[in-house]
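Shown next: entry.pdb, given as PDB, C-alpha atoms and all ligand atoms.
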ATOM      1  CA  MET A   1       1.131 -24.438   5.200  1.00  0.00           C
ATOM      2  CA  SER A   2       0.504 -26.043   1.846  1.00  0.00           C
ATOM      3  CA  PRO A   3      -2.221 -25.283  -0.681  1.00  0.00           C
ATOM      4  CA  GLY A   4      -5.593 -26.387   0.559  1.00  0.00           C
ATOM      5  CA  ASP A   5      -4.761 -26.085   4.253  1.00  0.00           C
ATOM      6  CA  ALA A   6      -6.224 -22.676   5.065  1.00  0.00           C
ATOM      7  CA  ALA A   7      -9.197 -20.579   4.068  1.00  0.00           C
ATOM      8  CA  CYS A   8      -8.400 -17.743   1.659  1.00  0.00           C
ATOM      9  CA  ARG A   9      -7.445 -14.514   3.468  1.00  0.00           C
ATOM     10  CA  VAL A  10      -9.451 -12.464   0.973  1.00  0.00           C
ATOM     11  CA  CYS A  11     -12.775 -14.291   0.494  1.00  0.00           C
ATOM     12  CA  GLY A  12     -12.682 -16.691   3.447  1.00  0.00           C
ATOM     13  CA  ALA A  13     -14.402 -19.253   1.259  1.00  0.00           C
ATOM     14  CA  GLY A  14     -11.922 -20.884  -1.103  1.00  0.00           C
ATOM     15  CA  THR A  15      -8.665 -22.729  -0.667  1.00  0.00           C
ATOM     16  CA  GLY A  16      -5.486 -22.439  -2.702  1.00  0.00           C
ATOM     17  CA  ALA A  17      -4.155 -24.527  -5.551  1.00  0.00           C
ATOM     18  CA  PRO A  18      -0.622 -24.316  -6.992  1.00  0.00           C
ATOM     19  CA  PHE A  19      -0.387 -21.320  -9.348  1.00  0.00           C
ATOM     20  CA  ALA A  20       3.221 -20.480 -10.267  1.00  0.00           C
ATOM     21  CA  HIS A  21       6.760 -20.580  -8.937  1.00  0.00           C
ATOM     22  CA  LYS A  22       9.682 -18.214  -9.327  1.00  0.00           C
ATOM     23  CA  ASP A  23      13.152 -17.939  -7.755  1.00  0.00           C
ATOM     24  CA  GLY A  24      12.404 -20.833  -5.418  1.00  0.00           C
ATOM     25  CA  TYR A  25       9.124 -19.337  -4.190  1.00  0.00           C
ATOM     26  CA  ARG A  26       5.735 -20.948  -4.761  1.00  0.00           C
ATOM     27  CA  PHE A  27       2.467 -19.097  -5.289  1.00  0.00           C
ATOM     28  CA  ALA A  28      -1.047 -20.470  -4.784  1.00  0.00           C
ATOM     29  CA  ARG A  29      -4.320 -19.181  -6.203  1.00  0.00           C
ATOM     30  CA  CYS A  30      -7.668 -19.284  -4.414  1.00  0.00           C
ATOM     31  CA  GLY A  31     -10.089 -21.510  -6.277  1.00  0.00           C
ATOM     32  CA  HIS A  32     -13.008 -19.306  -5.261  1.00  0.00           C
ATOM     33  CA  CYS A  33     -11.907 -15.672  -5.723  1.00  0.00           C
ATOM     34  CA  GLY A  34      -8.617 -15.930  -7.616  1.00  0.00           C
ATOM     35  CA  PHE A  35      -6.418 -14.289  -4.969  1.00  0.00           C
ATOM     36  CA  VAL A  36      -2.735 -15.118  -5.675  1.00  0.00           C
ATOM     37  CA  TYR A  37      -0.327 -15.389  -2.741  1.00  0.00           C
ATOM     38  CA  LEU A  38       2.996 -16.827  -1.623  1.00  0.00           C
ATOM     39  CA  ASP A  39       2.591 -20.264  -0.089  1.00  0.00           C
ATOM     40  CA  PRO A  40       4.160 -20.678   2.377  1.00  0.00           C
ATOM     41  CA  MET A  41       3.938 -17.014   3.367  1.00  0.00           C
ATOM     42  CA  PRO A  42       7.195 -15.637   4.836  1.00  0.00           C
ATOM     43  CA  SER A  43       7.037 -14.406   8.445  1.00  0.00           C
ATOM     44  CA  SER A  44       6.631 -10.709   9.246  1.00  0.00           C
ATOM     45  CA  GLU A  45      10.080 -10.787  10.832  1.00  0.00           C
ATOM     46  CA  ALA A  46      11.720 -12.192   7.699  1.00  0.00           C
ATOM     47  CA  LEU A  47      10.054  -9.543   5.541  1.00  0.00           C
ATOM     48  CA  ALA A  48      10.793  -6.691   7.960  1.00  0.00           C
ATOM     49  CA  ALA A  49      14.487  -7.508   7.665  1.00  0.00           C
ATOM     50  CA  LEU A  50      14.234  -6.787   3.920  1.00  0.00           C
ATOM     51  CA  TYR A  51      12.999  -3.255   4.465  1.00  0.00           C
ATOM     52  CA  ASP A  52      14.660  -1.751   7.491  1.00  0.00           C
ATOM     53  CA  GLY A  53      17.735   0.053   6.241  1.00  0.00           C
ATOM     54  CA  GLY A  54      18.929  -0.038   9.832  1.00  0.00           C
ATOM     55  CA  THR A  55      21.587   2.341  11.071  1.00  0.00           C
ATOM     56  CA  GLY A  56      24.285   1.703   8.472  1.00  0.00           C
ATOM     57  CA  GLY A  57      25.371   4.706   6.412  1.00  0.00           C
ATOM     58  CA  ASP A  58      24.447   8.342   6.758  1.00  0.00           C
ATOM     59  CA  ILE A  59      21.200   9.878   5.693  1.00  0.00           C
ATOM     60  CA  THR A  60      21.912  12.658   3.233  1.00  0.00           C
ATOM     61  CA  ALA A  61      19.946  14.760   0.808  1.00  0.00           C
ATOM     62  CA  GLU A  62      21.139  12.295  -1.859  1.00  0.00           C
ATOM     63  CA  SER A  63      19.359   9.355  -0.214  1.00  0.00           C
ATOM     64  CA  TYR A  64      16.408  10.035  -2.522  1.00  0.00           C
ATOM     65  CA  PRO A  65      17.658  11.038  -5.984  1.00  0.00           C
ATOM     66  CA  LYS A  66      15.530  13.538  -7.899  1.00  0.00           C
ATOM     67  CA  ALA A  67      13.825  14.649  -4.698  1.00  0.00           C
ATOM     68  CA  ALA A  68      12.416  17.748  -6.388  1.00  0.00           C
ATOM     69  CA  SER A  69      10.635  15.757  -9.097  1.00  0.00           C
ATOM     70  CA  ARG A  70       9.401  13.214  -6.518  1.00  0.00           C
ATOM     71  CA  LEU A  71       7.861  16.051  -4.543  1.00  0.00           C
ATOM     72  CA  ARG A  72       6.323  17.517  -7.694  1.00  0.00           C
ATOM     73  CA  ARG A  73       4.720  14.171  -8.597  1.00  0.00           C
ATOM     74  CA  ALA A  74       3.448  13.770  -5.039  1.00  0.00           C
ATOM     75  CA  ARG A  75       1.826  17.214  -5.228  1.00  0.00           C
ATOM     76  CA  VAL A  76       0.112  16.329  -8.513  1.00  0.00           C
ATOM     77  CA  ARG A  77      -1.306  13.171  -6.931  1.00  0.00           C
ATOM     78  CA  ALA A  78      -2.283  14.947  -3.722  1.00  0.00           C
ATOM     79  CA  LEU A  79      -4.230  17.523  -5.738  1.00  0.00           C
ATOM     80  CA  ARG A  80      -6.616  14.739  -6.772  1.00  0.00           C
ATOM     81  CA  PHE A  81      -7.648  14.404  -3.126  1.00  0.00           C
ATOM     82  CA  TRP A  82      -7.623  18.053  -2.145  1.00  0.00           C
ATOM     83  CA  ARG A  83     -11.245  17.985  -0.981  1.00  0.00           C
ATOM     84  CA  HIS A  84     -10.369  15.231   1.530  1.00  0.00           C
ATOM     85  CA  LEU A  85      -7.274  16.973   2.876  1.00  0.00           C
ATOM     86  CA  ARG A  86      -7.671  20.540   4.130  1.00  0.00           C
ATOM     87  CA  GLY A  87      -7.866  20.619   7.904  1.00  0.00           C
ATOM     88  CA  ARG A  88      -8.058  16.826   8.073  1.00  0.00           C
ATOM     89  CA  ASP A  89      -5.919  14.208   9.753  1.00  0.00           C
ATOM     90  CA  ILE A  90      -4.202  12.080   7.143  1.00  0.00           C
ATOM     91  CA  LEU A  91      -1.770   9.176   7.199  1.00  0.00           C
ATOM     92  CA  ASP A  92       0.598   7.892   4.533  1.00  0.00           C
ATOM     93  CA  ILE A  93       1.429   4.213   5.121  1.00  0.00           C
ATOM     94  CA  GLY A  94       4.811   3.238   3.725  1.00  0.00           C
ATOM     95  CA  CYS A  95       5.693   6.905   3.392  1.00  0.00           C
ATOM     96  CA  GLY A  96       9.368   6.350   2.464  1.00  0.00           C
ATOM     97  CA  GLY A  97      11.147   9.698   2.187  1.00  0.00           C
ATOM     98  CA  GLY A  98       7.984  11.592   3.103  1.00  0.00           C
ATOM     99  CA  PHE A  99       7.158  13.265  -0.219  1.00  0.00           C
ATOM    100  CA  MET A 100       3.441  12.454  -0.149  1.00  0.00           C
ATOM    101  CA  VAL A 101       3.169  13.547   3.495  1.00  0.00           C
ATOM    102  CA  GLU A 102       4.798  16.864   2.599  1.00  0.00           C
ATOM    103  CA  ALA A 103       2.493  17.254  -0.427  1.00  0.00           C
ATOM    104  CA  MET A 104      -0.642  16.587   1.628  1.00  0.00           C
ATOM    105  CA  GLY A 105       0.563  18.942   4.332  1.00  0.00           C
ATOM    106  CA  TRP A 106       1.101  21.571   1.629  1.00  0.00           C
ATOM    107  CA  LEU A 107      -2.621  21.199   0.825  1.00  0.00           C
ATOM    108  CA  GLY A 108      -3.563  21.922   4.421  1.00  0.00           C
ATOM    109  CA  ALA A 109      -3.754  18.449   5.969  1.00  0.00           C
ATOM    110  CA  ARG A 110      -2.329  17.488   9.341  1.00  0.00           C
ATOM    111  CA  ALA A 111      -0.109  14.877   7.779  1.00  0.00           C
ATOM    112  CA  VAL A 112       1.595  11.893   9.398  1.00  0.00           C
ATOM    113  CA  GLY A 113       3.822   9.302   7.725  1.00  0.00           C
ATOM    114  CA  VAL A 114       4.696   5.819   8.943  1.00  0.00           C
ATOM    115  CA  ASP A 115       7.330   3.494   7.494  1.00  0.00           C
ATOM    116  CA  ILE A 116       9.086   0.382   8.689  1.00  0.00           C
ATOM    117  CA  ASP A 117      12.376   1.724   7.261  1.00  0.00           C
ATOM    118  CA  SER A 118      13.992   3.839   9.975  1.00  0.00           C
ATOM    119  CA  GLN A 119      16.497   5.293   7.460  1.00  0.00           C
ATOM    120  CA  ALA A 120      13.669   6.557   5.275  1.00  0.00           C
ATOM    121  CA  ILE A 121      12.000   8.103   8.330  1.00  0.00           C
ATOM    122  CA  ALA A 122      15.268   9.781   9.328  1.00  0.00           C
ATOM    123  CA  TYR A 123      15.480  11.301   5.856  1.00  0.00           C
ATOM    124  CA  ALA A 124      11.837  12.439   5.881  1.00  0.00           C
ATOM    125  CA  THR A 125      12.185  14.004   9.329  1.00  0.00           C
ATOM    126  CA  GLN A 126      15.264  15.899   8.213  1.00  0.00           C
ATOM    127  CA  GLN A 127      13.803  17.089   4.896  1.00  0.00           C
ATOM    128  CA  PHE A 128      10.277  17.908   6.067  1.00  0.00           C
ATOM    129  CA  PRO A 129      10.559  19.032   9.703  1.00  0.00           C
ATOM    130  CA  ARG A 130       7.034  20.488   9.764  1.00  0.00           C
ATOM    131  CA  ARG A 131       5.473  17.040   9.279  1.00  0.00           C
ATOM    132  CA  ARG A 132       5.275  14.112  11.659  1.00  0.00           C
ATOM    133  CA  PHE A 133       6.974  10.812  10.869  1.00  0.00           C
ATOM    134  CA  ILE A 134       6.949   7.555  12.800  1.00  0.00           C
ATOM    135  CA  ALA A 135       9.263   4.587  12.236  1.00  0.00           C
ATOM    136  CA  ALA A 136       7.139   1.542  12.975  1.00  0.00           C
ATOM    137  CA  ASP A 137       5.716  -1.676  11.675  1.00  0.00           C
ATOM    138  CA  PHE A 138       2.078  -1.030  10.766  1.00  0.00           C
ATOM    139  CA  ASP A 139       0.854  -3.457  13.457  1.00  0.00           C
ATOM    140  CA  ASP A 140       2.833  -1.577  16.116  1.00  0.00           C
ATOM    141  CA  PHE A 141       1.612   1.721  14.727  1.00  0.00           C
ATOM    142  CA  ALA A 142      -1.964   0.705  15.558  1.00  0.00           C
ATOM    143  CA  GLY A 143      -0.931   0.797  19.198  1.00  0.00           C
ATOM    144  CA  HIS A 144      -0.426   4.574  18.972  1.00  0.00           C
ATOM    145  CA  GLY A 145      -4.229   4.903  19.022  1.00  0.00           C
ATOM    146  CA  LEU A 146      -4.313   7.551  16.283  1.00  0.00           C
ATOM    147  CA  THR A 147      -7.241   7.752  13.834  1.00  0.00           C
ATOM    148  CA  PHE A 148      -7.472   9.496  10.480  1.00  0.00           C
ATOM    149  CA  ASP A 149      -9.886  11.021   7.974  1.00  0.00           C
ATOM    150  CA  PHE A 150      -7.827   9.949   4.983  1.00  0.00           C
ATOM    151  CA  VAL A 151      -5.274   7.166   4.595  1.00  0.00           C
ATOM    152  CA  HIS A 152      -2.959   6.879   1.606  1.00  0.00           C
ATOM    153  CA  ALA A 153      -1.086   3.617   0.955  1.00  0.00           C
ATOM    154  CA  SER A 154       0.700   3.385  -2.359  1.00  0.00           C
ATOM    155  CA  GLU A 155       2.244   0.041  -3.340  1.00  0.00           C
ATOM    156  CA  VAL A 156       1.931  -1.416   0.153  1.00  0.00           C
ATOM    157  CA  MET A 157      -0.671  -4.196   0.038  1.00  0.00           C
ATOM    158  CA  GLU A 158       1.435  -6.474  -2.165  1.00  0.00           C
ATOM    159  CA  HIS A 159       4.113  -6.510   0.590  1.00  0.00           C
ATOM    160  CA  VAL A 160       1.988  -7.382   3.630  1.00  0.00           C
ATOM    161  CA  PRO A 161       2.256 -10.977   4.909  1.00  0.00           C
ATOM    162  CA  ASP A 162      -1.009 -10.952   6.899  1.00  0.00           C
ATOM    163  CA  ILE A 163      -3.450  -8.992   4.766  1.00  0.00           C
ATOM    164  CA  GLY A 164      -6.385  -9.800   7.064  1.00  0.00           C
ATOM    165  CA  ARG A 165      -4.583  -8.254  10.021  1.00  0.00           C
ATOM    166  CA  TYR A 166      -3.523  -5.286   7.867  1.00  0.00           C
ATOM    167  CA  MET A 167      -7.116  -4.581   6.827  1.00  0.00           C
ATOM    168  CA  THR A 168      -8.297  -4.878  10.436  1.00  0.00           C
ATOM    169  CA  VAL A 169      -5.769  -2.237  11.465  1.00  0.00           C
ATOM    170  CA  LEU A 170      -6.659  -0.075   8.473  1.00  0.00           C
ATOM    171  CA  ALA A 171     -10.336  -0.218   9.429  1.00  0.00           C
ATOM    172  CA  ALA A 172      -9.508   0.615  13.062  1.00  0.00           C
ATOM    173  CA  ILE A 173      -7.507   3.749  12.228  1.00  0.00           C
ATOM    174  CA  THR A 174      -9.860   5.107   9.545  1.00  0.00           C
ATOM    175  CA  ARG A 175     -12.720   7.175  10.950  1.00  0.00           C
ATOM    176  CA  PRO A 176     -16.273   6.340   9.788  1.00  0.00           C
ATOM    177  CA  GLY A 177     -16.923   8.266   6.570  1.00  0.00           C
ATOM    178  CA  GLY A 178     -13.178   8.591   6.012  1.00  0.00           C
ATOM    179  CA  ARG A 179     -11.438   7.537   2.831  1.00  0.00           C
ATOM    180  CA  VAL A 180      -8.535   5.313   1.962  1.00  0.00           C
ATOM    181  CA  PHE A 181      -6.657   5.464  -1.317  1.00  0.00           C
ATOM    182  CA  ILE A 182      -4.551   2.471  -2.286  1.00  0.00           C
ATOM    183  CA  THR A 183      -2.462   1.430  -5.242  1.00  0.00           C
ATOM    184  CA  THR A 184      -1.174  -2.085  -5.880  1.00  0.00           C
ATOM    185  CA  PRO A 185      -0.186  -4.145  -8.946  1.00  0.00           C
ATOM    186  CA  ASP A 186      -3.150  -5.557 -10.921  1.00  0.00           C
ATOM    187  CA  ILE A 187      -2.680  -9.223 -11.789  1.00  0.00           C
ATOM    188  CA  GLY A 188      -5.945  -9.118 -13.751  1.00  0.00           C
ATOM    189  CA  HIS A 189      -4.728  -6.418 -16.151  1.00  0.00           C
ATOM    190  CA  ARG A 190      -4.672  -7.319 -19.845  1.00  0.00           C
ATOM    191  CA  ARG A 191      -1.027  -6.259 -20.108  1.00  0.00           C
ATOM    192  CA  VAL A 192       0.226  -8.810 -17.569  1.00  0.00           C
ATOM    193  CA  PRO A 193       2.238 -11.393 -19.595  1.00  0.00           C
ATOM    194  CA  ASP A 194       0.594 -14.777 -20.262  1.00  0.00           C
ATOM    195  CA  ASP A 195       3.520 -16.277 -18.364  1.00  0.00           C
ATOM    196  CA  VAL A 196       2.996 -14.352 -15.128  1.00  0.00           C
ATOM    197  CA  THR A 197       6.556 -15.062 -13.965  1.00  0.00           C
ATOM    198  CA  GLU A 198       7.756 -12.713 -16.742  1.00  0.00           C
ATOM    199  CA  TRP A 199       5.819  -9.808 -15.192  1.00  0.00           C
ATOM    200  CA  ASP A 200       8.257  -7.370 -13.552  1.00  0.00           C
ATOM    201  CA  MET A 201       5.898  -6.987 -10.562  1.00  0.00           C
ATOM    202  CA  PHE A 202       5.966 -10.748  -9.957  1.00  0.00           C
ATOM    203  CA  SER A 203       8.910 -10.455  -7.582  1.00  0.00           C
ATOM    204  CA  PRO A 204       9.002 -12.671  -4.492  1.00  0.00           C
ATOM    205  CA  PRO A 205       9.718 -12.353  -1.671  1.00  0.00           C
ATOM    206  CA  THR A 206       9.053  -8.587  -1.570  1.00  0.00           C
ATOM    207  CA  HIS A 207       5.758  -8.942  -3.429  1.00  0.00           C
ATOM    208  CA  VAL A 208       3.946 -11.655  -1.506  1.00  0.00           C
ATOM    209  CA  GLN A 209       0.459 -11.415  -3.072  1.00  0.00           C
ATOM    210  CA  PHE A 210      -1.485 -10.006  -5.995  1.00  0.00           C
ATOM    211  CA  PHE A 211      -4.963  -8.572  -6.358  1.00  0.00           C
ATOM    212  CA  ASP A 212      -7.288  -7.810  -9.229  1.00  0.00           C
ATOM    213  CA  ALA A 213     -10.346  -5.561  -9.344  1.00  0.00           C
ATOM    214  CA  ALA A 214     -12.603  -8.296  -7.940  1.00  0.00           C
ATOM    215  CA  THR A 215     -10.381  -9.518  -5.091  1.00  0.00           C
ATOM    216  CA  ILE A 216      -9.577  -5.989  -3.910  1.00  0.00           C
ATOM    217  CA  ALA A 217     -13.306  -5.168  -3.868  1.00  0.00           C
ATOM    218  CA  THR A 218     -14.052  -8.334  -1.879  1.00  0.00           C
ATOM    219  CA  LEU A 219     -11.301  -7.550   0.616  1.00  0.00           C
ATOM    220  CA  PHE A 220     -12.527  -3.986   1.202  1.00  0.00           C
ATOM    221  CA  ASP A 221     -16.115  -5.129   1.495  1.00  0.00           C
ATOM    222  CA  ARG A 222     -15.298  -7.757   4.130  1.00  0.00           C
ATOM    223  CA  HIS A 223     -13.454  -5.185   6.260  1.00  0.00           C
ATOM    224  CA  GLY A 224     -16.053  -2.445   6.371  1.00  0.00           C
ATOM    225  CA  PHE A 225     -15.135  -0.332   3.354  1.00  0.00           C
ATOM    226  CA  ARG A 226     -17.136   0.546   0.264  1.00  0.00           C
ATOM    227  CA  PRO A 227     -15.077   1.103  -2.896  1.00  0.00           C
ATOM    228  CA  ARG A 228     -16.107   4.512  -4.243  1.00  0.00           C
ATOM    229  CA  ARG A 229     -13.944   4.926  -7.270  1.00  0.00           C
ATOM    230  CA  ARG A 230     -11.583   2.852  -9.353  1.00  0.00           C
ATOM    231  CA  TYR A 231      -9.111   4.594 -11.625  1.00  0.00           C
ATOM    232  CA  PHE A 232      -8.301   2.944 -14.946  1.00  0.00           C
ATOM    233  CA  LYS A 233      -4.639   2.497 -15.670  1.00  0.00           C
ATOM    234  CA  LEU A 234      -2.681   1.803 -18.845  1.00  0.00           C
ATOM    235  CA  LYS A 235      -0.103  -0.111 -16.803  1.00  0.00           C
ATOM    236  CA  PRO A 236      -1.072  -3.148 -14.660  1.00  0.00           C
ATOM    237  CA  GLY A 237      -1.928  -1.278 -11.491  1.00  0.00           C
ATOM    238  CA  LEU A 238      -5.036  -0.857  -9.349  1.00  0.00           C
ATOM    239  CA  GLN A 239      -5.929   2.522  -7.854  1.00  0.00           C
ATOM    240  CA  ILE A 240      -8.947   2.453  -5.547  1.00  0.00           C
ATOM    241  CA  LEU A 241     -10.607   5.103  -3.414  1.00  0.00           C
ATOM    242  CA  ALA A 242     -12.768   3.492  -0.708  1.00  0.00           C
ATOM    243  CA  GLU A 243     -14.994   4.832   2.052  1.00  0.00           C
ATOM    244  CA  ARG A 244     -14.933   3.558   5.633  1.00  0.00           C
ATOM    245  CA  LEU A 245     -18.518   2.712   6.550  1.00  0.00           C
TER     246      LEU A 245
HETATM  247 ZN    ZN B   1     -10.428 -16.425  -2.061  1.00  0.00          ZN
END
Same coordinates, now as structure tokens:
Amino acid sequence: MSPGDAACRVCGAGTGAPFAHKDGYRFARCGHCGFVYLDPMPSSEALAALYDGGTGGDITAESYPKAASRLRRARVRALRFWRHLRGRDILDIGCGGGFMVEAMGWLGARAVGVDIDSQAIAYATQQFPRRRFIAADFDDFAGHGLTFDFVHASEVMEHVPDIGRYMTVLAAITRPGGRVFITTPDIGHRRVPDDVTEWDMFSPPTHVQFFDAATIATLFDRHGFRPRRRYFKLKPGLQILAERL
């Protein structure tokens, strides 16, 4: 697909125009909402191959260096959401080594983690045997039929090739009145370099799209969520807490 061929996945109204290129990849920008995305978008299969560590090598305690400080940081973040956690069903999408799942479980949640990387899930299962971890693509995960009161997804949305499908799944697994907390790079932040290709987050093909405060709000709104809180960051990152309507 080339710019102009398809309606914007975020606003559904605009079409894309050439925006920037880096390392042989081209990005387009929606003329209506400003959403920036890889064009053409790589397939899910091509991207999945980047993330699944497969079966090579052994999972050891050293697979995640500084595990103790990772767990400490996860607990500090989880404490922000304590009122949404105790006795609730929560999911961490892209859970990696399982630190956030463990931290949320520590605060009394029934915590589940999902990650496409089977090596990461093997590590998490070994380190945190009291929690539940599932190795799956997020689309496949939807087939498990589980629903949640709180969904955490840190630095995930910039990796997802079909963001419309992702949001549909997110809406399906989040119970009405439930919350989702997401973080993703903020292309609208004043500290993003004037030449966007110099931004360290501007890294195709792993980062396939970029949001700002307006496009993320539009995306949530169109998929049945109401943004409840936006956290202001010194670094170019968005942190949004949204309610499932
Ligand atoms: Zn748009």
Could you write out as JSON, numbers by chain the residues that the PyMOL selection byres (((chain A and resi 146) around 10) and not hetatm) matches in the shown file? {"A": [89, 91, 141, 142, 143, 144, 145, 147, 148, 172, 173, 174, 175]}
Once the PyMOL selection byres (((not hetatm)) within 7 of (chain B and resi 1)) has been evaluated on this model, what residues remain selected, and can you format them as a list of chain:residue names?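 In the shown coordinates, the PyMOL selection byres (((not hetatm)) within 7 of (chain B and resi 1)) covers A:Cys8, A:Arg9, A:Val10, A:Cys11, A:Gly12, A:Ala13, A:Gly14, A:Thr15, A:Cys30, A:Gly31, A:His32, A:Cys33, A:Gly34, A:Phe35.
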Quick one: apply the PyMOL selection byres (((chain A and resi 237) around 12) and not hetatm) to the file and drop the selected residues here as an NGL selection string. :A and (154-155 or 157-158 or 182-192 or 201 or 210-213 or 216 or 230-236 or 238-240)
Quick one: residues within 12 Å of Asp221 in chain A, only C-alpha atoms counted, chain neighbours fewer than 5 positions away excluded, as a PyMOL selection string? chain A and resi 10-11+167-168+171+214-216+226-228+242-245
How would the residues just chosen look if you wrote them out with C-alpha atoms as a PDB file, keeping the file's coordinate frame?
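Below is the file that was written, out-v2.pdb:
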ATOM      1  CA  VAL A  10      -9.451 -12.464   0.973  1.00  0.00           C
ATOM      2  CA  CYS A  11     -12.775 -14.291   0.494  1.00  0.00           C
ATOM      3  CA  MET A 167      -7.116  -4.581   6.827  1.00  0.00           C
ATOM      4  CA  THR A 168      -8.297  -4.878  10.436  1.00  0.00           C
ATOM      5  CA  ALA A 171     -10.336  -0.218   9.429  1.00  0.00           C
ATOM      6  CA  ALA A 214     -12.603  -8.296  -7.940  1.00  0.00           C
ATOM      7  CA  THR A 215     -10.381  -9.518  -5.091  1.00  0.00           C
ATOM      8  CA  ILE A 216      -9.577  -5.989  -3.910  1.00  0.00           C
ATOM      9  CA  ARG A 226     -17.136   0.546   0.264  1.00  0.00           C
ATOM     10  CA  PRO A 227     -15.077   1.103  -2.896  1.00  0.00           C
ATOM     11  CA  ARG A 228     -16.107   4.512  -4.243  1.00  0.00           C
ATOM     12  CA  ALA A 242     -12.768   3.492  -0.708  1.00  0.00           C
ATOM     13  CA  GLU A 243     -14.994   4.832   2.052  1.00  0.00           C
ATOM     14  CA  ARG A 244     -14.933   3.558   5.633  1.00  0.00           C
ATOM     15  CA  LEU A 245     -18.518   2.712   6.550  1.00  0.00           C
TER      16      LEU A 245
END
How far is it from CA of Gln209 in chain A to CA of His159 in chain A, in Å with one decimal?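 It comes out at 7.1 Å.
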Counting only C-alpha atoms, the option among A:Ala111, A:Ala6, A:Val196, A:Ala217 closest to Ala20 in chain A: A:Val196
Around all of range 98-101 of chain A's listed atoms, make the axis-aligned box with 3 Å on each side and tell me centre and edge lengths in Å to one decimal, as AutoDock Vina command-line options.
--center_x 5.6 --center_y 12.6 --center_z 1.6 --size_x 10.8 --size_y 8.0 --size_z 9.7
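The interatomic distance for the pair CA of Arg179 in chain A and CA of Ala135 in chain A works out to 22.9 Å.
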